[in-house]
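The next block holds one structure in the form of structure tokens; read it before the comments.
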Amino acid sequence: MNVIETKDLCKNYDELKAVNKLNLNVRQGEVYGLLGPNGSGKTTTIKMLTGLILASTGSASILGHKIPSKLVLNDIGYMPQETAIYLENTVHENIQLFGEIYGLTKAEIKVREVELLDFVDLSHRRNSIASTLSGGMKHRLSLACAMIHRPKLLFLDEPTVGVDPELRALFWEYFEKMAADNITVLITTHYMDEANNCTRVGLMKEGELIAEDEPHLLMESTGTKTLEEAFLALARRCD
Ligand SMILES: Nc1ncnc2c1ncn2[C@@H]1O[C@H](COP(=O)(O)OP(=O)(O)OP(=O)(O)O)[C@@H](O)[C@H]1O
Ligand SMILES: [Mg+2]
């Protein structure tokens, strides 16, 4: 089953084609990596799929519902590129607030808080005001908040920026575990070592999806040894 399906999805800002005729199909349980240079349309794609902005033309469906649709809101999680947490509140209060937004009971929030703070390694900072956390810690809290309601589909826009290597590796273990539980993850990253862990990756350039496949197949088809080289080769082909 395709959890994300887009058909000729476009977003224009005046003359700029931020996303141009995007046809994306993401299957259930995939960790799909959306890659591409700055300004290639990754965040714009995610914002359309989560319903934050409307597409200019084209269509898309999420979990079988044509978007925008309120029906999917409780089934998706979104960690935006700009850390989205309440800076004046504590770590604990942030988790509570997000839990309440998603309609979890107090008991459910309590259980999830323990699990998630342990996962993002912030249990010891439970009572810290979010503004006093380090940059990477704010990111980690934002990730925990996006996952509070056990979404079926998770959009992660550069979730590991500023996160230290050890924790990044742990995050990836967790993403792979989620995929094994049939949770679907759409993730953007500029780290090629991370992209290698994705089930499939799609390369965007100037709003278009110019290549898509399993990482090792992209390397094979371009005759390259690393994903970075593969992407440079594919991007050059489109110049
Ligand atoms: N609200 C907006 N108004 C005008 N232009 C916009 C707006 N939002 C995005 N854009 C433009 O759309 C293009 C795609 O931006 P987008 O944020 O999707 O890129 P990205 O691939 O996520 O880049 P990065 O890797 O830097 O996060 C850019 O040229 C950007 O300036
Ligand atoms: Mg972006």
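Note on naming: chains are A, B, ... as they come in the structure tokens, residues start from 1 per chain, ligands start from 1 in the order shown.
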
Exercise for the section: Using only C-alpha atoms and all ligand atoms, determine which residues fall within 9 Å of ligand 2, then list them as number ranges by chain. Expected result: A: 38-44, 46, 80-82, 157-158, 188-189

Rows by chain and residue number, segment 162-185 of chain A within 9 Å of segment 126-148 of chain A, shortest pair, only C-alpha atoms, as CSV:
```
residue,atom,partner,partner_atom,distance
A:Gly162,CA,A:Gly136,CA,4.9
A:Val163,CA,A:Gly136,CA,4.8
A:Asp164,CA,A:Gly136,CA,7.5
```

Keeping N, CA and C atoms, export the residues of the selection given above as a PDB file, in the first residue's frame.
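What follows is the written file part_24.pdb:
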```pdb
ATOM      1  N   GLY A 162      22.737  18.964  13.870  1.00  0.00           N
ATOM      2  CA  GLY A 162      23.236  19.390  15.174  1.00  0.00           C
ATOM      3  C   GLY A 162      23.177  18.318  16.242  1.00  0.00           C
ATOM      4  N   VAL A 163      22.733  17.120  15.870  1.00  0.00           N
ATOM      5  CA  VAL A 163      22.681  16.024  16.840  1.00  0.00           C
ATOM      6  C   VAL A 163      24.004  15.257  16.755  1.00  0.00           C
ATOM      7  N   ASP A 164      24.562  14.903  17.931  1.00  0.00           N
ATOM      8  CA  ASP A 164      25.894  14.291  17.908  1.00  0.00           C
ATOM      9  C   ASP A 164      25.857  12.883  17.285  1.00  0.00           C
TER      10      ASP A 164
END
```

Exercise for the section: Go through the chains and note each residue within 12 Å of ligand 1, using only C-alpha atoms and all ligand atoms, then give the set as number ranges by chain. Expected result: A: 10-20, 34-48, 52-54, 80-82, 156-159, 161, 187-191, 202-209

Output C-alpha atoms for every residue in the selection just made, as a compact mmCIF listing (two decimals), in the first residue's frame.
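Output saved as again_4.txt:
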```
# COMPACT_ATOMS: atom_id res chain seq x y z
CA CYS A 10 3.28 21.69 -7.87
CA LYS A 11 3.92 24.68 -5.67
CA ASN A 12 4.63 27.99 -7.31
CA TYR A 13 5.74 31.20 -5.66
CA ASP A 14 5.18 33.78 -8.40
CA GLU A 15 7.59 32.70 -11.14
CA LEU A 16 9.44 30.21 -8.94
CA LYS A 17 8.53 26.54 -9.28
CA ALA A 18 9.44 25.45 -5.76
CA VAL A 19 7.98 21.98 -6.45
CA ASN A 20 7.41 20.99 -10.04
CA LEU A 34 14.18 13.03 0.28
CA LEU A 35 17.52 14.54 -0.65
CA GLY A 36 18.64 17.52 -2.64
CA PRO A 37 20.49 20.81 -2.48
CA ASN A 38 19.29 23.82 -0.52
CA GLY A 39 16.16 25.24 -2.09
CA SER A 40 15.33 22.12 -4.12
CA GLY A 41 11.82 21.86 -2.67
CA LYS A 42 12.07 19.26 0.10
CA THR A 43 10.51 21.32 2.88
CA THR A 44 7.88 22.71 0.52
CA THR A 45 6.91 19.13 -0.37
CA ILE A 46 6.58 18.17 3.28
CA LYS A 47 4.56 21.30 4.05
CA MET A 48 2.10 20.42 1.28
CA LEU A 52 0.45 23.39 6.14
CA ILE A 53 0.41 24.92 2.68
CA LEU A 54 -1.81 24.27 -0.29
CA PRO A 80 9.68 20.78 11.08
CA GLN A 81 13.09 21.99 9.97
CA GLU A 82 12.79 24.96 12.35
CA LEU A 156 11.08 14.44 9.63
CA ASP A 157 12.67 17.52 8.10
CA GLU A 158 16.39 17.33 8.83
CA PRO A 159 15.87 15.74 12.26
CA VAL A 161 21.03 18.51 12.25
CA ILE A 187 12.93 12.10 6.08
CA THR A 188 15.15 14.81 4.63
CA THR A 189 18.83 14.98 5.31
CA HIS A 190 22.04 16.35 3.90
CA TYR A 191 24.07 13.58 5.55
CA GLY A 202 14.61 10.41 -3.98
CA LEU A 203 16.81 13.17 -5.29
CA MET A 204 15.20 16.56 -5.84
CA LYS A 205 16.67 19.31 -7.93
CA GLU A 206 15.02 22.64 -8.64
CA GLY A 207 11.65 21.31 -7.54
CA GLU A 208 11.79 18.10 -9.56
CA LEU A 209 12.39 14.51 -8.56
```

Where does DSSP see helix (DSSP H, G or I) in segment 29-110 of chain A, if you list the residues as an mmCIF file with C-alpha atoms, in the first residue's frame?
```cif
data_model
loop_
_atom_site.group_PDB
_atom_site.id
_atom_site.type_symbol
_atom_site.label_atom_id
_atom_site.label_comp_id
_atom_site.auth_asym_id
_atom_site.auth_seq_id
_atom_site.Cartn_x
_atom_site.Cartn_y
_atom_site.Cartn_z
ATOM 1 C CA LYS A 42 12.074 19.262 0.099
ATOM 2 C CA THR A 43 10.510 21.324 2.876
ATOM 3 C CA THR A 44 7.879 22.713 0.520
ATOM 4 C CA THR A 45 6.909 19.134 -0.373
ATOM 5 C CA ILE A 46 6.585 18.173 3.278
ATOM 6 C CA LYS A 47 4.555 21.303 4.051
ATOM 7 C CA MET A 48 2.104 20.416 1.279
ATOM 8 C CA LEU A 49 1.843 16.807 2.425
ATOM 9 C CA LYS A 70 -8.409 16.658 8.832
ATOM 10 C CA LEU A 71 -8.891 12.879 8.932
ATOM 11 C CA VAL A 72 -5.157 12.233 8.792
ATOM 12 C CA LEU A 73 -4.029 14.733 11.405
ATOM 13 C CA ASN A 74 -3.936 12.258 14.288
ATOM 14 C CA ASP A 75 -2.081 9.690 12.220
ATOM 15 C CA VAL A 91 10.789 19.753 28.532
ATOM 16 C CA HIS A 92 8.084 17.988 30.553
ATOM 17 C CA GLU A 93 5.503 20.690 29.765
ATOM 18 C CA ASN A 94 6.296 20.474 26.059
ATOM 19 C CA ILE A 95 5.685 16.723 26.034
ATOM 20 C CA GLN A 96 2.427 17.273 27.941
ATOM 21 C CA LEU A 97 1.258 20.027 25.606
ATOM 22 C CA PHE A 98 1.873 17.967 22.491
ATOM 23 C CA GLY A 99 0.238 14.940 24.099
ATOM 24 C CA GLU A 100 -2.864 17.021 24.876
ATOM 25 C CA ILE A 101 -2.953 18.497 21.361
ATOM 26 C CA LYS A 106 -2.893 11.848 31.087
ATOM 27 C CA ALA A 107 -1.909 8.219 31.716
ATOM 28 C CA GLU A 108 -0.848 7.713 28.089
ATOM 29 C CA ILE A 109 1.221 10.898 28.153
ATOM 30 C CA LYS A 110 2.959 9.742 31.322
#
```

Practice task
Would you please work out which residue, of A:Glu220, A:Ile4, A:Ala230, A:Asp213, is nearest to Val201 of chain A when using only C-alpha atoms?
Solution key: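 Of A:Glu220, A:Ile4, A:Ala230, A:Asp213, the one nearest Val201 of chain A is A:Asp213, counting only C-alpha atoms.
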
Do you know which residues are at most 12 Å from Thr184 of chain A counting only C-alpha atoms, after dropping those on the same chain fewer than 5 positions away, and could you put them as an mmCIF file with C-alpha atoms, in the first residue's frame?
```cif
data_model
loop_
_atom_site.group_PDB
_atom_site.id
_atom_site.type_symbol
_atom_site.label_atom_id
_atom_site.label_comp_id
_atom_site.auth_asym_id
_atom_site.auth_seq_id
_atom_site.Cartn_x
_atom_site.Cartn_y
_atom_site.Cartn_z
ATOM 1 C CA MET A 1 0.000 0.000 0.000
ATOM 2 C CA ASN A 2 1.230 3.489 -0.835
ATOM 3 C CA VAL A 3 1.048 5.705 2.207
ATOM 4 C CA ILE A 4 2.023 8.789 0.228
ATOM 5 C CA ASN A 25 4.951 7.053 -4.091
ATOM 6 C CA VAL A 26 6.030 5.976 -0.637
ATOM 7 C CA ARG A 27 5.084 2.514 0.585
ATOM 8 C CA GLN A 28 4.032 1.515 4.050
ATOM 9 C CA GLY A 29 7.016 0.753 6.280
ATOM 10 C CA GLU A 30 9.542 2.557 4.130
ATOM 11 C CA VAL A 31 12.087 5.014 5.424
ATOM 12 C CA TYR A 32 12.097 7.251 2.384
ATOM 13 C CA GLY A 33 14.845 9.839 2.172
ATOM 14 C CA ILE A 62 -1.866 10.474 2.551
ATOM 15 C CA LEU A 63 -2.888 7.190 4.184
ATOM 16 C CA ASP A 75 -2.081 9.690 12.220
ATOM 17 C CA ILE A 76 0.802 11.863 11.098
ATOM 18 C CA GLY A 77 3.706 13.344 12.988
ATOM 19 C CA ARG A 150 2.639 7.081 17.782
ATOM 20 C CA PRO A 151 1.901 8.339 14.283
ATOM 21 C CA LYS A 152 1.543 5.922 11.363
ATOM 22 C CA LEU A 153 3.401 8.328 9.127
ATOM 23 C CA LEU A 154 6.207 10.545 10.299
ATOM 24 C CA PHE A 155 7.625 13.535 8.415
ATOM 25 C CA LEU A 156 11.085 14.440 9.633
ATOM 26 C CA PHE A 175 13.668 4.816 12.648
ATOM 27 C CA GLU A 176 14.478 1.353 11.330
ATOM 28 C CA LYS A 177 12.610 -0.201 14.233
ATOM 29 C CA MET A 178 9.599 1.975 13.423
ATOM 30 C CA ALA A 179 9.744 0.844 9.813
ATOM 31 C CA CYS A 198 16.979 4.641 3.830
ATOM 32 C CA THR A 199 14.879 2.006 2.103
ATOM 33 C CA ARG A 200 14.760 4.285 -0.934
#
```

Could you pull out the strand (DSSP E or B) residues of segment 49-143 of chain A from DSSP and send them as a short mmCIF file (atom, residue, chain, number, x, y, z; two decimals) with N, CA and C atoms, in the first residue's frame?
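Written out: out30.cif:
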```cif
data_model
loop_
_atom_site.label_atom_id
_atom_site.label_comp_id
_atom_site.auth_asym_id
_atom_site.auth_seq_id
_atom_site.Cartn_x
_atom_site.Cartn_y
_atom_site.Cartn_z
N THR A 57 -1.04 23.27 -8.00
CA THR A 57 -1.77 22.34 -8.88
C THR A 57 -1.34 20.91 -8.54
N GLY A 58 -2.04 19.94 -9.10
CA GLY A 58 -1.72 18.55 -8.82
C GLY A 58 -2.49 18.07 -7.60
N SER A 59 -2.25 16.81 -7.23
CA SER A 59 -2.98 16.27 -6.09
C SER A 59 -2.09 15.31 -5.30
N ALA A 60 -2.55 14.99 -4.10
CA ALA A 60 -1.79 14.05 -3.28
C ALA A 60 -2.73 13.37 -2.31
N SER A 61 -2.37 12.15 -1.92
CA SER A 61 -3.12 11.50 -0.85
C SER A 61 -2.15 10.91 0.17
N ILE A 62 -2.65 10.94 1.41
CA ILE A 62 -1.87 10.47 2.55
C ILE A 62 -2.71 9.43 3.26
N HIS A 65 -6.20 9.16 2.12
CA HIS A 65 -7.10 10.32 2.09
C HIS A 65 -6.51 11.42 1.22
N LYS A 66 -7.35 11.96 0.36
CA LYS A 66 -6.90 13.06 -0.48
C LYS A 66 -6.62 14.26 0.42
N ILE A 76 -0.51 11.44 11.59
CA ILE A 76 0.80 11.86 11.10
C ILE A 76 1.55 12.66 12.18
N GLY A 77 2.85 12.56 12.11
CA GLY A 77 3.71 13.34 12.99
C GLY A 77 4.61 14.18 12.11
N TYR A 78 4.96 15.36 12.58
CA TYR A 78 5.77 16.25 11.75
C TYR A 78 6.80 16.96 12.61
N MET A 79 8.05 16.75 12.27
CA MET A 79 9.10 17.51 12.92
C MET A 79 9.63 18.50 11.90
N THR A 90 8.96 24.02 30.05
CA THR A 90 9.96 22.98 30.34
C THR A 90 9.81 21.83 29.35
N ILE A 129 13.87 24.55 31.27
CA ILE A 129 13.12 25.37 30.31
C ILE A 129 13.74 25.12 28.93
#
```
